[in-house]
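For reference, work.cif is printed below; it contains mmCIF, C-alpha atoms.
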```cif
data_model
loop_
_atom_site.label_atom_id
_atom_site.label_comp_id
_atom_site.auth_asym_id
_atom_site.auth_seq_id
_atom_site.Cartn_x
_atom_site.Cartn_y
_atom_site.Cartn_z
CA MET G 1 5.65 47.23 85.51
CA SER G 2 7.86 46.71 82.46
CA VAL G 3 11.00 45.02 83.71
CA SER G 4 12.53 43.15 80.77
CA GLU G 5 11.67 39.52 80.20
CA ARG G 6 15.37 38.74 80.62
CA ALA G 7 15.10 39.70 84.30
CA PRO G 8 13.61 37.29 86.86
CA ARG G 9 9.81 37.35 86.77
CA SER G 10 8.13 39.31 89.57
CA GLU G 11 5.55 37.83 91.95
CA PRO G 12 2.85 40.13 93.37
CA ILE G 13 2.53 40.30 97.18
CA ASP G 14 -0.56 41.80 98.81
CA ASP G 15 -0.44 40.33 102.31
CA PRO G 16 2.37 41.01 104.85
CA SER G 17 1.84 37.50 106.25
CA ASP G 18 2.49 35.83 102.88
CA PRO G 19 4.92 32.92 103.60
CA ARG G 20 6.94 33.73 100.48
CA ILE G 21 8.37 36.82 102.19
CA ALA G 22 9.16 35.21 105.56
CA ASP G 23 12.82 36.27 105.21
CA TYR G 24 11.75 39.90 105.60
CA ARG G 25 10.16 39.43 109.01
CA ASP G 26 11.98 40.06 112.30
CA LEU G 27 14.57 42.20 110.53
CA LYS G 28 15.47 43.93 113.79
CA ASP G 29 16.58 40.61 115.32
CA ALA G 30 20.31 40.59 114.50
CA ASP G 31 20.98 37.23 116.15
CA LEU G 32 18.19 35.62 114.13
CA ARG G 33 19.66 36.92 110.88
CA LEU G 34 23.10 35.62 111.81
CA ARG G 35 21.70 32.17 112.57
CA ARG G 36 19.96 32.16 109.22
CA GLY G 37 23.13 33.32 107.44
CA LEU G 38 21.28 36.25 105.89
CA PHE G 39 21.47 40.03 105.74
CA VAL G 40 19.18 42.78 104.47
CA ALA G 41 20.02 45.61 102.08
CA GLU G 42 17.70 48.59 101.76
CA SER G 43 17.15 51.37 99.20
CA ARG G 44 17.57 51.23 95.45
CA ALA G 45 21.18 52.44 95.51
CA VAL G 46 22.34 49.83 98.01
CA VAL G 47 20.42 46.99 96.37
CA ARG G 48 22.01 48.04 93.08
CA ARG G 49 25.45 47.60 94.67
CA LEU G 50 24.44 44.18 95.97
CA LEU G 51 23.22 43.04 92.55
CA GLY G 52 26.25 44.48 90.78
CA GLY G 53 28.82 42.76 92.99
CA ALA G 54 30.12 39.23 92.99
CA ARG G 55 30.78 38.88 96.74
CA PHE G 56 27.26 37.98 97.94
CA ARG G 57 24.37 36.06 96.46
CA THR G 58 21.02 37.88 96.37
CA ARG G 59 18.21 35.60 97.48
CA SER G 60 15.24 37.87 96.79
CA ILE G 61 14.03 41.46 96.42
CA LEU G 62 10.87 42.95 97.92
CA ALA G 63 10.08 46.26 96.25
CA THR G 64 7.52 48.54 94.74
CA GLY G 65 6.96 48.52 90.99
CA PRO G 66 8.85 51.80 90.40
CA SER G 67 11.82 50.50 92.40
CA LEU G 68 12.05 47.33 90.34
CA GLU G 69 11.79 49.39 87.18
CA ALA G 70 14.68 51.58 88.37
CA LEU G 71 16.79 48.43 88.81
CA ARG G 72 15.88 47.03 85.41
CA ASP G 73 19.40 47.26 83.94
CA VAL G 74 21.08 45.30 86.74
CA LEU G 75 18.19 42.85 87.00
CA GLU G 76 18.61 41.94 83.34
CA ALA G 77 22.15 40.78 84.11
CA ALA G 78 21.31 39.23 87.49
CA ASP G 79 21.01 35.61 88.53
CA PRO G 80 17.67 34.39 87.12
CA GLY G 81 17.15 32.48 90.38
CA ILE G 82 16.54 35.68 92.35
CA ARG G 83 12.91 35.96 93.43
CA LEU G 84 11.32 39.35 92.82
CA PHE G 85 8.35 40.29 94.98
CA VAL G 86 6.45 43.38 93.90
CA THR G 87 4.21 45.11 96.43
CA ARG G 88 3.13 48.43 97.96
CA HIS G 89 4.98 50.66 100.45
CA GLN G 90 2.42 49.79 103.12
CA VAL G 91 3.12 46.07 102.82
CA ILE G 92 6.89 46.58 103.03
CA ARG G 93 6.45 48.74 106.11
CA ALA G 94 4.15 46.21 107.74
CA VAL G 95 6.41 43.22 107.16
CA SER G 96 9.75 44.91 107.92
CA GLY G 97 8.72 47.13 110.82
CA PHE G 98 10.72 50.19 109.72
CA ASP G 99 10.43 53.08 107.27
CA PHE G 100 13.95 53.45 105.86
CA HIS G 101 13.50 51.02 102.99
CA ARG G 102 12.58 53.65 100.35
CA GLY G 103 10.46 51.08 98.61
CA CYS G 104 13.19 48.52 98.10
CA LEU G 105 14.62 45.69 100.25
CA ALA G 106 16.76 42.70 99.35
CA VAL G 107 17.87 39.62 101.25
CA GLY G 108 21.43 38.46 100.66
CA GLU G 109 23.28 35.35 101.78
CA ARG G 110 26.39 35.88 103.90
CA GLY G 111 28.41 32.91 102.76
CA ALA G 112 31.91 32.29 104.08
CA GLU G 113 34.26 35.19 104.80
CA PRO G 114 37.48 35.16 102.77
CA PRO G 115 40.58 33.95 104.63
CA LEU G 116 42.95 36.60 105.94
CA ASP G 117 45.82 35.59 103.68
CA ALA G 118 43.67 35.89 100.56
CA LEU G 119 42.96 39.52 101.46
CA ILE G 120 46.38 40.71 102.53
CA GLU G 121 48.46 38.79 100.01
CA ALA G 122 46.52 39.94 96.93
CA PRO G 123 49.06 41.43 94.46
CA ASP G 124 47.25 44.78 94.25
CA ALA G 125 46.54 45.08 98.00
CA ARG G 126 48.41 48.13 99.29
CA LEU G 127 46.10 49.75 101.84
CA LEU G 128 44.18 48.06 104.67
CA VAL G 129 41.93 49.37 107.43
CA LEU G 130 41.94 47.56 110.78
CA LEU G 131 39.19 48.33 113.30
CA GLU G 132 39.65 47.57 116.98
CA GLU G 133 36.56 47.29 119.20
CA VAL G 134 34.47 49.69 117.08
CA ALA G 135 31.01 48.64 118.23
CA ASN G 136 29.00 51.54 116.79
CA PRO G 137 27.39 50.46 113.49
CA ASP G 138 27.30 54.06 112.22
CA ASN G 139 31.07 54.33 112.63
CA VAL G 140 31.73 50.95 111.04
CA GLY G 141 29.46 51.89 108.15
CA GLY G 142 31.21 55.23 107.72
CA VAL G 143 34.60 53.52 107.66
CA PHE G 144 33.47 51.12 104.94
CA ARG G 145 32.14 54.02 102.89
CA ASN G 146 35.54 55.72 103.14
CA ALA G 147 37.37 52.46 102.46
CA LEU G 148 35.44 52.10 99.21
CA ALA G 149 35.98 55.74 98.23
CA PHE G 150 39.74 55.66 98.79
CA GLY G 151 40.53 52.23 97.45
CA ALA G 152 41.31 50.21 100.58
CA ALA G 153 41.84 46.56 99.67
CA ALA G 154 40.09 45.21 102.78
CA VAL G 155 38.78 45.99 106.25
CA LEU G 156 39.83 43.70 109.12
CA LEU G 157 37.79 43.75 112.33
CA SER G 158 38.66 42.73 115.87
CA PRO G 159 36.22 40.89 118.13
CA GLY G 160 33.72 43.39 119.49
CA CYS G 161 33.27 45.32 116.25
CA ALA G 162 29.80 45.89 114.83
CA ASP G 163 28.64 43.53 112.09
CA PRO G 164 29.50 44.94 108.62
CA LEU G 165 26.33 43.27 107.33
CA TYR G 166 24.00 44.67 109.97
CA ARG G 167 21.21 46.54 108.18
CA LYS G 168 22.14 49.96 109.54
CA THR G 169 25.85 49.43 108.88
CA ILE G 170 25.14 48.61 105.24
CA ARG G 171 22.91 51.66 104.91
CA VAL G 172 25.45 54.08 106.44
CA SER G 173 28.21 52.57 104.28
CA ALA G 174 26.11 53.31 101.16
CA GLY G 175 26.69 49.69 100.23
CA GLY G 176 30.43 49.89 100.87
CA SER G 177 30.38 46.87 103.16
CA LEU G 178 28.91 44.88 100.27
CA CYS G 179 31.86 45.84 98.05
CA VAL G 180 34.98 46.13 100.22
CA PRO G 181 36.22 42.68 101.30
CA PHE G 182 36.39 42.13 105.04
CA ALA G 183 37.31 39.51 107.61
CA ARG G 184 36.79 39.30 111.36
CA LEU G 185 39.90 38.27 113.27
CA ALA G 186 39.23 36.02 116.23
CA ASP G 187 42.93 36.27 117.12
CA TRP G 188 43.51 40.02 116.93
CA ALA G 189 47.15 39.97 118.08
CA GLY G 190 47.93 37.10 115.73
CA GLY G 191 46.23 38.94 112.88
CA LEU G 192 48.39 42.01 113.45
CA ARG G 193 51.51 39.84 113.32
CA ARG G 194 50.36 38.22 110.09
CA VAL G 195 49.67 41.63 108.52
CA ARG G 196 53.20 42.78 109.33
CA GLU G 197 54.66 39.51 107.97
CA ALA G 198 52.88 40.27 104.69
CA GLY G 199 54.91 43.47 104.36
CA TYR G 200 52.54 46.09 105.74
CA THR G 201 53.65 49.02 107.89
CA ILE G 202 51.13 49.26 110.72
CA LEU G 203 50.06 52.83 111.54
CA ALA G 204 48.00 53.45 114.68
CA LEU G 205 45.72 56.49 114.31
CA THR G 206 45.55 58.50 117.53
CA PRO G 207 44.89 62.09 118.70
CA ASP G 208 48.08 61.93 120.80
CA ALA G 209 50.09 65.13 120.25
CA ALA G 210 53.33 63.14 120.43
CA ALA G 211 52.39 61.02 117.40
CA LEU G 212 53.74 61.67 113.91
CA ASP G 213 51.74 64.23 111.91
CA LEU G 214 50.12 62.23 109.11
CA ALA G 215 50.87 65.06 106.68
CA GLU G 216 54.57 64.17 106.97
CA LEU G 217 53.94 60.94 105.09
CA GLY G 218 54.21 61.54 101.38
CA ALA G 219 55.70 64.99 102.01
CA ARG G 220 58.89 64.84 104.09
CA ARG G 221 58.78 61.06 104.55
CA ALA G 222 58.05 58.49 101.88
CA LEU G 223 54.83 56.55 102.13
CA PRO G 224 55.41 52.88 102.94
CA ARG G 225 54.76 50.51 100.05
CA ARG G 226 52.01 48.75 102.01
CA VAL G 227 50.07 50.38 104.85
CA ALA G 228 47.67 48.98 107.46
CA LEU G 229 45.82 51.80 109.25
CA VAL G 230 44.52 50.80 112.70
CA VAL G 231 41.59 52.76 114.14
CA GLY G 232 40.14 52.30 117.63
CA SER G 233 36.77 53.20 119.10
CA GLU G 234 35.91 56.82 119.85
CA GLY G 235 35.69 56.18 123.57
CA GLN G 236 38.69 53.94 124.24
CA GLY G 237 40.88 54.48 121.22
CA ILE G 238 43.54 51.96 120.33
CA GLY G 239 44.51 49.51 123.06
CA ALA G 240 47.96 49.57 124.61
CA ALA G 241 48.93 46.18 123.14
CA THR G 242 47.86 47.24 119.64
CA ARG G 243 49.75 50.50 119.87
CA GLU G 244 52.80 48.59 121.02
CA ALA G 245 52.47 46.29 118.03
CA ALA G 246 52.20 49.20 115.58
CA ASP G 247 55.21 50.49 113.67
CA GLU G 248 54.20 54.12 114.16
CA ALA G 249 51.51 56.20 115.87
CA VAL G 250 50.12 58.90 113.58
CA ARG G 251 47.78 61.85 114.16
CA ILE G 252 45.79 64.36 112.13
CA ALA G 253 46.83 67.93 112.92
CA MET G 254 43.88 70.07 114.03
CA ALA G 255 43.20 73.65 115.06
CA PRO G 256 44.25 74.70 118.57
CA GLY G 257 41.76 73.62 121.21
CA VAL G 258 40.38 70.73 119.11
CA ASP G 259 41.58 67.30 120.12
CA SER G 260 39.44 64.81 118.22
CA LEU G 261 37.35 64.03 115.17
CA ASN G 262 34.50 61.65 114.49
CA LEU G 263 35.99 58.22 113.90
CA ALA G 264 34.74 57.85 110.33
CA THR G 265 35.80 61.41 109.43
CA ALA G 266 39.30 60.85 110.79
CA THR G 267 39.57 57.54 108.92
CA GLY G 268 38.52 59.23 105.67
CA ILE G 269 41.15 61.97 106.05
CA ALA G 270 43.83 59.40 106.82
CA LEU G 271 42.91 57.16 103.89
CA HIS G 272 42.94 60.13 101.52
CA ARG G 273 46.50 60.90 102.61
CA LEU G 274 47.68 57.30 102.55
CA ARG G 275 46.32 56.42 99.10
CA SER G 276 48.55 59.03 97.42
#
```
Let's see the structure in the file written out as structure tokens.
Amino acid sequence: MSVSERAPRSEPIDDPSDPRIADYRDLKDADLRLRRGLFVAESRAVVRRLLGGARFRTRSILATGPSLEALRDVLEAADPGIRLFVTRHQVIRAVSGFDFHRGCLAVGERGAEPPLDALIEAPDARLLVLLEEVANPDNVGGVFRNALAFGAAAVLLSPGCADPLYRKTIRVSAGGSLCVPFARLADWAGGLRRVREAGYTILALTPDAAALDLAELGARRALPRRVALVVGSEGQGIGAATREAADEAVRIAMAPGVDSLNLATATGIALHRLRS
């Protein structure tokens, strides 16, 4: 391996039981990771996002030689305190217990979540996504991927939502949950009130035929200066109290006989319209 001398020095690992890589064991135990204050990123592309961002500290990387070589440019600018463990695919599979790593895993430190006001009062914050009771990690990951693509300033999550730093959520988000700021709101109703006080128009996304066609915004009706898009779970949708708290219910017009879209797909369409 020829990673530059400016990057952290790699340490060879040949045994899955090596104590130096203890952080990579029991990766399927979400509660254990939360107690440790850690999360796991997998694949070269996602680890690259982790290394290139300022939100989370990278504790270590466990990867094959070719994977470390592919990350050479970001490793040269990375924190020299990151530990690099170089090994074989078989060792990574044995210690992690899954095959989706693509030869590259990293352990990051969660740290403290930013306070709500810091996210919603930022001068350039114009578009927020609020998730209510979205427990499916694939859907949460897809929403973060769309939030990153369409420039949402932050994602706010109600109690009951899947962890944005769960391994699968990070993977589905393509690293979006490592880049888009987020906060979990213990007081969901209070959080909605605070968002409105900060000058956001709250739009509740729903398949209800009586709701405003989203295409009207930016066409026949001006887009609000600041928008908070609320999305509920695929099964239950947005709760009655949340809909009551919203300024407007909006829908995505679909072909006759079709009444719903995948949650992440619908969120992406809505964000594309609202970012204009």
Do you know which residues the PyMOL selection byres ((chain G and resi 74-91) around 10) returns on this file, as an MDAnalysis selection string?
-> chainID G and resid 1 3:17 20:21 47:53 57:73 92:97 99 101:107
Can you build me a table of range 241-276 of chain G residues sitting at most 8 Å from range 191-208 of chain G, with the closest atom pair per residue and its distance in Å to one decimal, using all atoms listed in the file, sorted by chain and residue number, as a Markdown table?
```
| residue | atom | partner | partner_atom | distance |
| --- | --- | --- | --- | --- |
| G:Thr242 | CA | G:Ala204 | CA | 7.9 |
| G:Arg243 | CA | G:Ala204 | CA | 6.2 |
| G:Ala245 | CA | G:Leu192 | CA | 7.5 |
| G:Ala246 | CA | G:Ile202 | CA | 5.0 |
| G:Asp247 | CA | G:Ile202 | CA | 5.2 |
| G:Glu248 | CA | G:Leu203 | CA | 5.1 |
| G:Ala249 | CA | G:Ala204 | CA | 4.6 |
| G:Val250 | CA | G:Leu205 | CA | 5.1 |
| G:Arg251 | CA | G:Thr206 | CA | 5.2 |
| G:Ile252 | CA | G:Pro207 | CA | 7.0 |
| G:Asp259 | CA | G:Pro207 | CA | 6.3 |
| G:Ser260 | CA | G:Pro207 | CA | 6.1 |
```
Quick one, how far is CA of Arg184 in chain G from CA of Ala264 in chain G?
-> 18.7 Å
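Residues in contact with Arg126 in chain G at up to 8 Å, not including ones fewer than 4 positions away on its chain and judged by only C-alpha atoms, are Ala152, Ala153, Tyr200, Arg225, Arg226 and Val227 of chain G.
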Export of the given selection (C-alpha atoms) as a short mmCIF file (atom, residue, chain, number, x, y, z; two decimals), keeping the file's coordinate frame:
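Okay, this is what ended up in part35.cif:
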```cif
data_model
loop_
_atom_site.label_atom_id
_atom_site.label_comp_id
_atom_site.auth_asym_id
_atom_site.auth_seq_id
_atom_site.Cartn_x
_atom_site.Cartn_y
_atom_site.Cartn_z
CA ALA G 152 41.31 50.21 100.58
CA ALA G 153 41.84 46.56 99.67
CA TYR G 200 52.54 46.09 105.74
CA ARG G 225 54.76 50.51 100.05
CA ARG G 226 52.01 48.75 102.01
CA VAL G 227 50.07 50.38 104.85
#
```
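Put simply, CA of Pro19 in chain G is 23.7 Å away from CA of Arg44 in chain G.
For the structure in this document, the set picked by the PyMOL selection byres ((chain G and resi 113) around 10) is Arg55, Arg110, Gly111, Ala112, Pro114, Pro115, Leu116, Pro181, Phe182, Ala183 and Arg184 of chain G.
Evaluating the PyMOL selection byres ((chain G and resi 172) around 9) against the shown model yields Pro137, Asp138, Asn139, Val140, Gly141, Gly142, Phe144, Arg145, Arg167, Lys168, Thr169, Ile170, Arg171, Ser173, Ala174, Gly175 and Gly176 of chain G.
Between Glu121 in chain G and the residues G:Ala154, G:Ile269, G:Gly190, G:Asn146, the shortest atom-to-atom distance, using all atoms listed in the file, involves G:Ala154.
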Expressed in Å to a single decimal, how great is the separation between CA of Ala219 in chain G and CA of Ala270 in chain G?
-> 14.0 Å
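By chain and then residue number, the residues within 7 Å of range 32-39 of chain G are Asp29, Ala30, Ala41, Val107, Gly108, Glu109, Arg110, Leu165, Tyr166 and Arg167 of chain G, counting only C-alpha atoms and disregarding those fewer than 2 positions away in sequence.
Comparing G:Leu274, G:Leu119, G:Arg25, G:Val143 by their smallest distance to Arg221 in chain G, the closest is G:Leu274 (using only C-alpha atoms).
Nearest-residue note for Ala215 in chain G: choosing from G:Leu261, G:Leu271, G:Ala228, G:Ala186, the minimum distance belongs to G:Leu271, counting all atoms listed in the file.
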